Structure formats: structure tokens, C-alpha cells
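work_30.tsv (TSV, C-alpha atoms)
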```
chain	number	residue	atom	x	y	z
A	790	MET	CA	-7.85	13.46	27.90
A	791	ASN	CA	-4.61	12.27	26.45
A	792	ILE	CA	-4.26	8.85	28.05
A	793	ILE	CA	-6.07	6.02	26.33
A	794	LEU	CA	-4.88	3.11	28.42
A	795	GLU	CA	-3.27	2.65	31.79
A	796	CYS	CA	-1.99	-0.52	33.43
A	797	GLU	CA	-1.09	-0.40	37.08
A	798	SER	CA	0.90	-3.22	38.71
A	799	LEU	CA	-0.91	-5.66	36.48
A	800	THR	CA	-0.37	-9.31	37.37
A	801	LYS	CA	-1.79	-12.46	35.83
A	802	LYS	CA	-1.09	-16.03	36.92
A	803	TYR	CA	-2.14	-19.32	35.33
A	804	ASN	CA	-2.13	-22.14	37.91
A	805	GLY	CA	0.81	-20.66	39.72
A	806	PHE	CA	2.70	-19.71	36.54
A	807	THR	CA	3.15	-15.95	36.44
A	808	ALA	CA	2.37	-14.78	32.90
A	809	LEU	CA	2.49	-11.08	33.73
A	810	SER	CA	4.05	-9.57	36.78
A	811	ASP	CA	3.67	-6.01	38.04
A	812	VAL	CA	3.26	-4.38	34.63
A	813	ASN	CA	2.92	-0.60	34.63
A	814	LEU	CA	2.22	1.06	31.30
A	815	THR	CA	0.59	4.23	30.00
A	816	PHE	CA	-0.47	4.70	26.37
A	817	GLU	CA	-1.11	8.09	24.87
A	818	ARG	CA	-3.51	8.82	22.06
A	819	GLY	CA	-2.29	9.15	18.51
A	820	LYS	CA	0.49	6.60	18.80
A	821	ILE	CA	1.38	3.33	17.19
A	822	ILE	CA	2.96	1.10	19.80
A	823	GLY	CA	4.76	-2.19	19.23
A	824	LEU	CA	4.46	-4.89	21.85
A	825	LEU	CA	7.55	-6.99	21.37
A	826	GLY	CA	8.92	-9.99	23.18
A	827	PRO	CA	9.94	-13.61	22.69
A	828	ASN	CA	7.41	-16.44	22.76
A	829	GLY	CA	5.79	-16.79	26.14
A	830	SER	CA	6.75	-13.32	27.32
A	831	GLY	CA	3.15	-12.29	28.03
A	832	LYS	CA	2.15	-10.33	24.90
A	833	THR	CA	-1.10	-12.16	24.24
A	834	THR	CA	-1.94	-12.26	27.95
A	835	LEU	CA	-1.64	-8.47	28.13
A	836	ILE	CA	-3.79	-8.01	25.04
A	837	LYS	CA	-6.44	-10.40	26.40
A	838	LEU	CA	-6.51	-8.52	29.70
A	839	ILE	CA	-7.04	-5.26	27.82
A	840	ASN	CA	-9.96	-6.84	26.00
A	841	GLY	CA	-11.57	-8.26	29.11
A	842	LEU	CA	-11.04	-11.88	28.03
A	843	LEU	CA	-8.93	-12.44	31.11
A	844	VAL	CA	-9.28	-10.93	34.55
A	845	PRO	CA	-6.16	-9.72	36.36
A	846	ASP	CA	-5.12	-11.39	39.62
A	847	ASN	CA	-3.73	-8.11	40.78
A	848	GLY	CA	-3.54	-4.52	39.61
A	849	LYS	CA	-5.74	-2.49	37.33
A	850	ILE	CA	-6.36	-1.68	33.68
A	851	ARG	CA	-8.18	1.43	32.65
A	852	ILE	CA	-9.26	2.23	29.09
A	853	ASN	CA	-10.71	5.70	28.66
A	854	ASN	CA	-10.67	5.66	32.45
A	855	MET	CA	-12.94	2.59	32.65
A	856	GLU	CA	-12.26	-1.01	33.58
A	857	PRO	CA	-12.55	-3.46	30.66
A	858	GLY	CA	-16.21	-4.24	30.01
A	859	VAL	CA	-19.06	-3.49	27.64
A	860	GLU	CA	-18.25	0.21	27.45
A	861	THR	CA	-14.57	-0.29	26.66
A	862	LYS	CA	-15.38	-2.88	23.99
A	863	LYS	CA	-17.16	-0.11	22.12
A	864	ALA	CA	-13.89	1.78	22.04
A	865	VAL	CA	-11.43	-1.07	21.42
A	866	SER	CA	-11.11	-2.90	18.12
A	867	TYR	CA	-9.44	-6.24	18.73
A	868	LEU	CA	-7.71	-8.64	16.37
A	869	PRO	CA	-7.16	-11.87	18.29
A	870	ASP	CA	-4.30	-14.27	17.63
A	871	LYS	CA	-6.80	-16.96	16.60
A	872	THR	CA	-9.86	-16.61	14.42
A	873	TYR	CA	-13.27	-16.75	16.06
A	874	LEU	CA	-15.38	-16.24	12.94
A	875	ASN	CA	-17.51	-19.05	11.53
A	876	ASP	CA	-15.73	-20.29	8.45
A	877	TRP	CA	-18.95	-21.15	6.57
A	878	MET	CA	-19.79	-17.45	6.47
A	879	LYS	CA	-19.27	-15.29	3.41
A	880	THR	CA	-17.16	-12.15	3.82
A	881	LYS	CA	-20.13	-9.91	3.02
A	882	ASP	CA	-22.20	-11.66	5.73
A	883	ILE	CA	-19.45	-11.10	8.26
A	884	ILE	CA	-19.34	-7.45	7.23
A	885	ASP	CA	-23.09	-7.17	7.89
A	886	PHE	CA	-22.57	-8.99	11.18
A	887	PHE	CA	-19.88	-6.50	12.24
A	888	GLY	CA	-22.08	-3.63	11.06
A	889	ASP	CA	-24.86	-4.87	13.36
A	890	PHE	CA	-22.48	-5.45	16.21
A	891	TYR	CA	-20.38	-2.30	16.27
A	892	LEU	CA	-21.78	1.21	16.00
A	893	ASP	CA	-18.48	2.53	14.72
A	894	PHE	CA	-18.15	0.00	11.86
A	895	ASP	CA	-17.66	1.58	8.42
A	896	LYS	CA	-18.88	-0.79	5.69
A	897	VAL	CA	-17.71	1.45	2.86
A	898	LYS	CA	-14.19	1.33	4.20
A	899	ALA	CA	-14.36	-2.46	4.56
A	900	TYR	CA	-15.45	-2.96	0.93
A	901	GLU	CA	-12.79	-0.54	-0.27
A	902	MET	CA	-10.08	-2.53	1.44
A	903	LEU	CA	-11.43	-5.86	0.17
A	904	LYS	CA	-11.31	-4.50	-3.34
A	905	ARG	CA	-7.76	-3.24	-2.94
A	906	LEU	CA	-6.63	-6.67	-1.78
A	907	ASN	CA	-8.64	-8.49	-4.47
A	908	ILE	CA	-10.82	-10.39	-2.04
A	909	ASN	CA	-14.25	-11.42	-3.26
A	910	ALA	CA	-16.96	-10.55	-0.72
A	911	ASN	CA	-18.96	-13.58	-1.83
A	912	ASP	CA	-16.20	-16.03	-0.89
A	913	ARG	CA	-16.64	-18.11	2.21
A	914	LEU	CA	-13.88	-17.97	4.81
A	915	LYS	CA	-13.26	-21.71	4.60
A	916	THR	CA	-12.33	-21.50	0.92
A	917	MET	CA	-9.63	-18.94	1.62
A	918	SER	CA	-5.92	-19.39	2.25
A	919	LYS	CA	-4.56	-18.70	5.71
A	920	GLY	CA	-3.13	-15.34	4.63
A	921	THR	CA	-6.36	-14.22	2.96
A	922	LYS	CA	-8.35	-15.13	6.07
A	923	GLU	CA	-5.98	-12.99	8.11
A	924	LYS	CA	-6.43	-10.12	5.71
A	925	VAL	CA	-10.23	-10.34	6.02
A	926	GLN	CA	-10.00	-10.24	9.79
A	927	LEU	CA	-7.65	-7.29	9.77
A	928	ILE	CA	-9.94	-5.44	7.35
A	929	LEU	CA	-12.86	-6.01	9.73
A	930	VAL	CA	-10.89	-4.72	12.69
A	931	MET	CA	-9.47	-1.68	10.87
A	932	SER	CA	-12.90	-0.73	9.46
A	933	ARG	CA	-14.05	0.34	12.89
A	934	ASN	CA	-13.52	3.92	14.01
A	935	ALA	CA	-12.19	2.88	17.37
A	936	ASP	CA	-10.11	4.65	20.01
A	937	LEU	CA	-7.72	1.76	20.44
A	938	TYR	CA	-6.81	-0.96	17.98
A	939	CYS	CA	-5.32	-4.06	19.61
A	940	LEU	CA	-3.71	-6.22	16.97
A	941	ASP	CA	-2.23	-9.53	18.08
A	942	GLU	CA	0.25	-10.61	15.39
A	943	PRO	CA	-1.53	-8.88	12.51
A	944	ILE	CA	0.95	-9.62	9.72
A	945	GLY	CA	2.37	-13.03	10.60
A	946	GLY	CA	0.81	-15.06	7.81
A	947	VAL	CA	0.58	-12.36	5.16
A	948	ASP	CA	2.87	-12.10	2.13
A	949	PRO	CA	5.31	-9.15	1.95
A	950	ALA	CA	3.38	-7.21	-0.72
A	951	SER	CA	0.14	-7.36	1.23
A	952	ARG	CA	2.08	-6.58	4.39
A	953	GLU	CA	2.97	-3.22	2.86
A	954	TYR	CA	-0.65	-2.54	2.06
A	955	ILE	CA	-1.71	-3.56	5.54
A	956	LEU	CA	0.86	-1.30	7.17
A	957	ASN	CA	-0.36	1.50	4.95
A	958	THR	CA	-3.89	0.72	6.03
A	959	ILE	CA	-2.85	0.98	9.65
A	960	ILE	CA	-0.99	4.26	9.07
A	961	SER	CA	-3.77	5.90	7.12
A	962	ASN	CA	-6.76	4.61	9.05
A	963	TYR	CA	-6.14	5.49	12.64
A	964	ASN	CA	-6.91	9.06	13.58
A	965	GLU	CA	-5.03	11.36	15.89
A	966	ASN	CA	-7.26	10.48	18.83
A	967	ALA	CA	-6.76	6.75	18.37
A	968	SER	CA	-3.87	4.50	19.20
A	969	VAL	CA	-2.70	1.21	17.81
A	970	LEU	CA	-1.11	-1.50	19.93
A	971	LEU	CA	0.32	-4.34	17.94
A	972	SER	CA	2.31	-7.38	18.89
A	973	THR	CA	4.64	-8.96	16.40
A	974	HIS	CA	7.79	-10.95	15.82
A	975	LEU	CA	8.38	-9.29	12.46
A	976	ILE	CA	10.04	-6.25	13.96
A	977	SER	CA	12.14	-5.16	11.00
A	978	ASP	CA	9.06	-5.03	8.76
A	979	ILE	CA	7.17	-2.82	11.09
A	980	GLU	CA	9.55	-0.69	13.10
A	981	ASN	CA	9.45	2.38	10.83
A	982	VAL	CA	5.75	2.55	11.50
A	983	LEU	CA	5.99	2.50	15.30
A	984	ASP	CA	6.23	5.46	17.65
A	985	ASP	CA	7.12	3.47	20.73
A	986	VAL	CA	8.08	-0.06	21.60
A	987	ILE	CA	7.54	-2.15	24.70
A	988	PHE	CA	9.85	-5.10	25.27
A	989	LEU	CA	8.28	-7.81	27.40
A	990	GLN	CA	10.44	-10.48	28.97
A	991	ASN	CA	9.18	-13.25	31.26
A	992	GLY	CA	6.03	-11.29	31.99
A	993	LYS	CA	7.86	-8.11	32.93
A	994	VAL	CA	8.41	-4.89	31.04
A	995	ALA	CA	12.10	-5.04	30.12
A	996	MET	CA	12.12	-1.69	28.32
A	997	THR	CA	9.89	1.01	26.92
A	998	SER	CA	11.32	3.49	24.45
A	999	SER	CA	10.56	5.47	21.34
A	1000	VAL	CA	11.95	4.03	18.12
A	1001	GLU	CA	13.83	7.28	17.48
A	1002	ASP	CA	15.54	7.06	20.88
A	1003	ILE	CA	16.66	3.50	20.21
A	1004	ARG	CA	18.12	4.53	16.87
A	1005	THR	CA	19.79	7.64	18.26
A	1006	ASN	CA	21.06	6.21	21.53
A	1007	HIS	CA	22.03	2.73	20.44
A	1008	GLY	CA	22.84	3.44	16.78
A	1009	LYS	CA	20.93	0.34	15.74
A	1010	SER	CA	17.51	-0.78	14.66
A	1011	VAL	CA	14.87	-1.99	17.09
A	1012	ASP	CA	15.21	-5.39	15.46
A	1013	ALA	CA	18.97	-5.48	16.15
A	1014	LEU	CA	18.46	-4.32	19.74
A	1015	PHE	CA	15.77	-6.96	20.25
A	1016	ARG	CA	18.13	-9.69	19.04
A	1017	GLU	CA	20.77	-8.43	21.43
A	1018	VAL	CA	18.48	-8.13	24.49
A	1019	PHE	CA	16.81	-11.50	23.93
A	1020	LYS	CA	19.82	-13.43	22.70
A	1021	CYS	CA	19.31	-17.15	23.35
B	830	MET	CA	13.63	9.20	-5.56
B	831	ALA	CA	12.28	6.24	-3.60
B	832	TRP	CA	12.38	6.20	0.17
B	833	GLU	CA	15.04	3.74	1.24
B	834	LEU	CA	15.57	4.04	4.93
B	835	LYS	CA	18.54	2.59	6.76
B	836	SER	CA	17.70	0.66	9.88
B	837	ASP	CA	20.44	1.95	12.16
B	838	ARG	CA	19.84	5.69	11.88
B	839	SER	CA	17.23	8.10	13.12
B	840	ILE	CA	14.21	7.85	10.84
B	841	TYR	CA	13.20	11.49	10.90
B	842	LEU	CA	16.72	12.64	9.95
B	843	GLN	CA	16.64	10.31	6.97
B	844	LEU	CA	13.21	11.59	5.97
B	845	MET	CA	14.53	15.16	6.18
B	846	GLU	CA	17.43	14.27	3.90
B	847	TYR	CA	15.14	12.66	1.36
B	848	ILE	CA	12.86	15.66	1.20
B	849	GLN	CA	15.86	18.00	0.97
B	850	ARG	CA	17.20	15.93	-1.90
B	851	ARG	CA	13.84	16.01	-3.65
B	852	ILE	CA	13.81	19.77	-3.31
B	853	VAL	CA	17.35	20.45	-4.53
B	854	SER	CA	17.00	17.99	-7.40
B	855	GLY	CA	13.86	19.76	-8.57
B	856	GLU	CA	11.55	16.78	-8.01
B	857	TYR	CA	9.67	19.12	-5.71
B	858	GLN	CA	9.68	22.51	-7.42
B	859	SER	CA	10.02	25.79	-5.62
B	860	GLY	CA	6.55	26.93	-4.56
B	861	ASP	CA	4.99	23.44	-5.00
B	862	LYS	CA	2.46	22.19	-2.50
B	863	LEU	CA	3.69	19.17	-0.53
B	864	PRO	CA	1.46	16.11	-0.13
B	865	SER	CA	-0.19	15.78	3.28
B	866	VAL	CA	1.70	14.28	6.22
B	867	ARG	CA	-0.43	11.18	6.01
B	868	GLU	CA	0.15	10.71	2.29
B	869	LEU	CA	3.89	11.19	2.70
B	870	ALA	CA	3.95	8.82	5.68
B	871	ALA	CA	2.01	6.16	3.80
B	872	ASP	CA	4.29	6.57	0.80
B	873	ALA	CA	7.44	6.23	2.89
B	874	GLU	CA	5.81	3.58	5.09
B	875	VAL	CA	6.67	5.41	8.25
B	876	ASN	CA	4.79	6.64	11.26
B	877	PRO	CA	2.88	9.88	10.58
B	878	ASN	CA	4.27	11.43	13.78
B	879	THR	CA	7.80	10.81	12.52
B	880	MET	CA	6.99	12.41	9.17
B	881	GLN	CA	5.43	15.32	11.01
B	882	LYS	CA	8.63	15.79	12.98
B	883	ALA	CA	10.76	15.74	9.81
B	884	LEU	CA	8.53	18.36	8.17
B	885	ALA	CA	8.53	20.52	11.28
B	886	GLU	CA	12.34	20.47	11.32
B	887	LEU	CA	12.50	21.40	7.63
B	888	GLU	CA	10.09	24.19	8.31
B	889	ARG	CA	12.34	25.49	11.05
B	890	GLY	CA	15.19	25.63	8.55
B	891	GLY	CA	12.96	27.50	6.10
B	892	LEU	CA	12.92	24.98	3.22
B	893	ILE	CA	9.21	24.42	3.79
B	894	TYR	CA	6.58	26.87	4.89
B	895	THR	CA	3.04	26.40	6.08
B	896	ASN	CA	0.10	28.29	4.79
B	897	ARG	CA	-2.45	28.07	7.56
B	898	THR	CA	-5.36	27.25	5.30
B	899	SER	CA	-3.88	25.40	2.38
B	900	GLY	CA	-1.04	23.20	3.60
B	901	ARG	CA	2.71	23.00	3.28
B	902	PHE	CA	4.73	24.43	0.41
B	903	ILE	CA	8.33	24.38	-0.82
B	904	THR	CA	10.19	27.62	-0.25
B	905	GLN	CA	10.59	30.11	-3.08
B	906	ASP	CA	13.92	31.23	-1.66
B	907	GLU	CA	16.24	30.02	-4.45
B	908	ALA	CA	19.34	31.07	-2.51
B	909	LEU	CA	18.32	28.81	0.37
B	910	ILE	CA	17.74	25.89	-2.00
B	911	GLN	CA	21.18	26.40	-3.55
B	912	GLU	CA	22.73	26.65	-0.10
B	913	THR	CA	21.08	23.36	0.87
B	914	LYS	CA	22.28	21.78	-2.34
B	915	HIS	CA	25.87	22.72	-1.57
B	916	ALA	CA	25.58	21.54	2.01
B	917	LEU	CA	24.34	18.15	0.78
B	918	ALA	CA	27.18	18.01	-1.74
B	919	LYS	CA	29.67	18.71	1.02
B	920	ASP	CA	28.27	15.83	3.06
B	921	GLN	CA	28.68	13.51	0.09
B	922	LEU	CA	32.25	14.70	-0.42
B	923	SER	CA	33.32	14.23	3.15
B	924	ASP	CA	31.83	10.72	3.11
B	925	PHE	CA	33.78	10.01	-0.05
B	926	LEU	CA	37.01	11.43	1.32
B	927	GLU	CA	36.73	9.46	4.52
B	928	LYS	CA	36.16	6.22	2.64
B	929	MET	CA	39.10	6.89	0.33
B	930	LYS	CA	41.32	7.50	3.32
B	931	GLN	CA	40.15	4.23	4.85
B	932	LEU	CA	41.33	2.58	1.63
B	933	GLY	CA	44.75	4.10	2.26
B	934	PHE	CA	44.78	6.94	-0.30
B	935	VAL	CA	46.38	10.28	0.52
B	936	ASN	CA	44.96	13.61	-0.64
B	937	LYS	CA	47.13	13.83	-3.74
B	938	ASP	CA	46.10	10.37	-4.97
B	939	ILE	CA	42.46	11.12	-4.32
B	940	LYS	CA	42.67	14.28	-6.36
B	941	ASN	CA	44.21	12.44	-9.32
B	942	ILE	CA	41.68	9.63	-9.16
B	943	LEU	CA	38.87	12.14	-9.06
B	944	LEU	CA	40.24	14.09	-12.04
B	945	GLU	CA	40.61	10.83	-14.01
B	946	ALA	CA	37.05	9.84	-13.19
B	947	VAL	CA	35.68	13.22	-14.28
B	948	LYS	CA	37.65	12.96	-17.55
B	949	GLU	CA	36.20	9.52	-18.21
B	950	LEU	CA	32.72	10.84	-17.56
B	951	GLU	CA	33.21	13.65	-20.04
B	952	GLN	CA	34.32	11.34	-22.84
```

Please express what this file holds, its structure, as C-alpha cells.
Amino acid sequence: MNIILECESLTKKYNGFTALSDVNLTFERGKIIGLLGPNGSGKTTLIKLINGLLVPDNGKIRINNMEPGVETKKAVSYLPDKTYLNDWMKTKDIIDFFGDFYLDFDKVKAYEMLKRLNINANDRLKTMSKGTKEKVQLILVMSRNADLYCLDEPIGGVDPASREYILNTIISNYNENASVLLSTHLISDIENVLDDVIFLQNGKVAMTSSVEDIRTNHGKSVDALFREVFKC
Amino acid sequence: MAWELKSDRSIYLQLMEYIQRRIVSGEYQSGDKLPSVRELAADAEVNPNTMQKALAELERGGLIYTNRTSGRFITQDEALIQETKHALAKDQLSDFLEKMKQLGFVNKDIKNILLEAVKELEQ
């Protein structure tokens, strides 16, 4: 089975405002996919639908051929745009918590990454800077052996040096049967790492393409094309 | 040779060029084992599938070969390495010539400038 995720005429409205409208997408395994779009284009809504935090008004999502639910949460590792962890907890406690919660959680990997990024497992979340907190959350998410990693703005608050390490972590940690979907505004930092990009605009898919095709056909970077398509 | 990728060109073509340059410059020696796709991808900070494509293309050209059990190696065909080296040199030269022409130089001037520059280098 080569398809990890399918969206079929997916529509989501909030009190009459259409956040996503008739979105059709298919994700293959073994790919890193960028979900790109200006503020309010529907990126987070799509990611929340994939993770079962929102229910579509119309259309379908299938992950491993199942609708979002308990079974798909076993297969999807999700980094939300806002933290949901208790900030009085120590990193090592959260690691134990994740270990209890997810069968596919790899504690050894988590401690390795903490060490690489010089984060003390005995520190409480609330004593950490914004960027360090983000790193901890990303480490937790990437320490699972999931089929699909959904990362909502994973590198926004992280300094450039750590960004490199995090991108490396993403490249070297997903396996050929897994896919990574990540939303970001920092396109130029990340585009060499992506296979494919999805441009969302006003809740609709404005374009899907491979990064290589954009470079070859348009002779410019994804970042430059994005600026052109979404020029204000 | 660090990976410095331009943002407006195909990534896999640039990766191919880098690896070719590492081979012809001797950074990767004839017969050496290449790092794994994943290691190379992490090092260049690119997508592993893109690196895979670059290596597959180099393999098609013969600069790299795969040993089923032990990985990818640099060719031992010295003639092919030399040929690649000259092809890369030609690319550099035609870039140079084009830029000189854009600056308004004609062939004769370019030749003199080049000879002067080589003389200066030798001193």
C-alpha cells in the first residue's frame, strides 16, 4: 500500500466561514511534503482534520485507509501549533509519559536528541525559553516510529543552528514507509528537504508540485514562486 | 568542498555536479566507498529521495557503481574520471567566456587577459 493519506472533497466551515473548500490530496509514503500558504489559508485546519481534532463538514479523510480515530492516532505523530504539555513537568517525565502513551515511542532516540541539543532532561518546561520548548516537543514527536509525521510550524521559534539539526533529524529519522507533512512560513530554509509542496490559498489547493519541477519549470526557488503567487 | 546549493536550479543536478567535482578533485578517491544516501542527504541538508536521484544518475553515467551487498563505490575507470574532469573544465570555460563577452570583450582581448592572468599566477 503506497498511499498514506487521502483527502476527498474535504470541506470545513467555522460559523459560515469556509476554512477549507473541496480539498483533494493524496500523499504517498516515503515523502516529505511542505504545506505552504499565507496566514489563514487553512494549513492548521487541514492538519487538525488529519488528526481528528476537527470533523469535516463535507468530504473524507483516510489515513492508512481509515477515518481519523484511535487507530490512526497510533500511526500519526502530531506536533500541534500550540503546546499542550503541562509546563511544570520535567522533560524526563514527559518522555516517560509519551513512552506510556505511544507504543512506537523510542526513549533512547529521545535522550540522544536531547543530548545533541544540550537540553537537560531534569529541566522543567516552564524554565525553558520558547525555542527550547519547541525543540523538546519536536524531539518527542520525532522519537515515535510513526507512519505519518504532521508538523505544524516545527521550526518557527528555533534559532538557525538548531534549525539545521532539526532538519537533519527529520531527514534521518523518517523511514521509507513513513511520510512527513510540515507546514511552515520559512520556505527557503526548508525547501531543499521537501519532495513535494502544496500551496493553499483561501482554503483551496492552489498548486501541488514537486520541488524539482518548480525549479526546472519556473527556474526559481519555491520561496520565490510563493512570493510571486501570494503577492500582497 | 561544502555543499552550497543555489535556490533557482534543480537540486539533483547541483548534487550531481558536487559529487562529480569531489571525484575529479580526488576528495573521493577512485574505488572509495561512498557514504550512504541518508548520510549524504543529511550532510547536504537535502531530501534523501533527491540525493538518491542524483546518485542514480551518476551511476547511469558510470562514475559510481553499486555493489549489491556493500554499497556504492567510485569508479576505477581513470579515463572516465579524466573525461569528466575535462567536461567540467569546459563548462567553467564557457561560463567564463560568456561573462567576458557580456562585459564587451572580444576573443582576442579575452585571450590576452587570460595569458596575463596565468603569467601573474606563475610569478

Residue nearest Gln911 of chain B among B:Leu892, B:Leu950, B:Leu887, B:Met880 (counting only C-alpha atoms): B:Leu892

Report as a PyMOL selection string all protein, DNA and RNA residues lying within 9 Å of Asp876 of chain A, evaluated on only C-alpha atoms, omitting residues in the same chain fewer than 3 positions from it. chain A and resi 873+879+913-916

Hey, could you make a per-residue contact list for chain B against chain A with 10 Å as the cut-off, showing the nearest pair of atoms and its distance in Å to one decimal, counting only C-alpha atoms, sorted by chain and number, as a Markdown table?
```
| residue | atom | partner | partner_atom | distance |
| --- | --- | --- | --- | --- |
| B:Leu834 | CA | A:Asn981 | CA | 8.7 |
| B:Lys835 | CA | A:Ser1010 | CA | 8.7 |
| B:Ser836 | CA | A:Ser1010 | CA | 5.0 |
| B:Asp837 | CA | A:Lys1009 | CA | 4.0 |
| B:Arg838 | CA | A:Arg1004 | CA | 5.4 |
| B:Ser839 | CA | A:Arg1004 | CA | 5.3 |
| B:Ile840 | CA | A:Glu1001 | CA | 6.7 |
| B:Tyr841 | CA | A:Glu1001 | CA | 7.8 |
| B:Leu842 | CA | A:Glu1001 | CA | 9.7 |
| B:Arg867 | CA | A:Ser961 | CA | 6.3 |
| B:Glu868 | CA | A:Ser961 | CA | 7.9 |
| B:Ala870 | CA | A:Ile960 | CA | 7.5 |
| B:Ala871 | CA | A:Asn957 | CA | 5.4 |
| B:Asp872 | CA | A:Asn957 | CA | 8.0 |
| B:Ala873 | CA | A:Asn981 | CA | 9.1 |
| B:Glu874 | CA | A:Val982 | CA | 6.5 |
| B:Val875 | CA | A:Val982 | CA | 4.4 |
| B:Asn876 | CA | A:Val982 | CA | 4.2 |
| B:Pro877 | CA | A:Ile960 | CA | 7.0 |
| B:Asn878 | CA | A:Asp984 | CA | 7.4 |
| B:Thr879 | CA | A:Asp984 | CA | 7.6 |
```

Atom CA of Leu937 of chain A to atom CA of Ser918 of chain A, straight-line distance in Å: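 Atom CA of Leu937 of chain A lies 28.0 Å from atom CA of Ser918 of chain A.
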
Let me make sure I understand: among B:Val853, B:Leu922, B:Leu869, B:Ala885, which one has the smallest atom-to-atom distance to Ala831 of chain B if we use only C-alpha atoms?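 Comparing B:Val853, B:Leu922, B:Leu869, B:Ala885 against Ala831 of chain B, the winner is B:Leu869.
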
Could you work out how far atom CA of Leu809 of chain A lies from atom CA of Leu835 of chain A, giving the answer in Å with one decimal?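 Atom-to-atom, atom CA of Leu835 of chain A to atom CA of Leu809 of chain A, that is 7.4 Å.
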
Leaving out Asp846 of chain A and any residue of its chain fewer than 3 positions from it, which residues lie within 8 Å of it when counting all atoms listed in the file, given as a PyMOL selection string? chain A and resi 799-802

Around (3.6, -2.6, 38.5), as given in the file, which residues come within 10 Å? Count only C-alpha atoms and list them as a PyMOL selection string. chain A and resi 796-800+809-814+847-849+993-994

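Of the listed residues B:Gln843, B:Asn941, B:Asn936, B:Gln849, the one whose atoms come nearest to Lys914 of chain B is B:Gln849, with distances taken using only C-alpha atoms.
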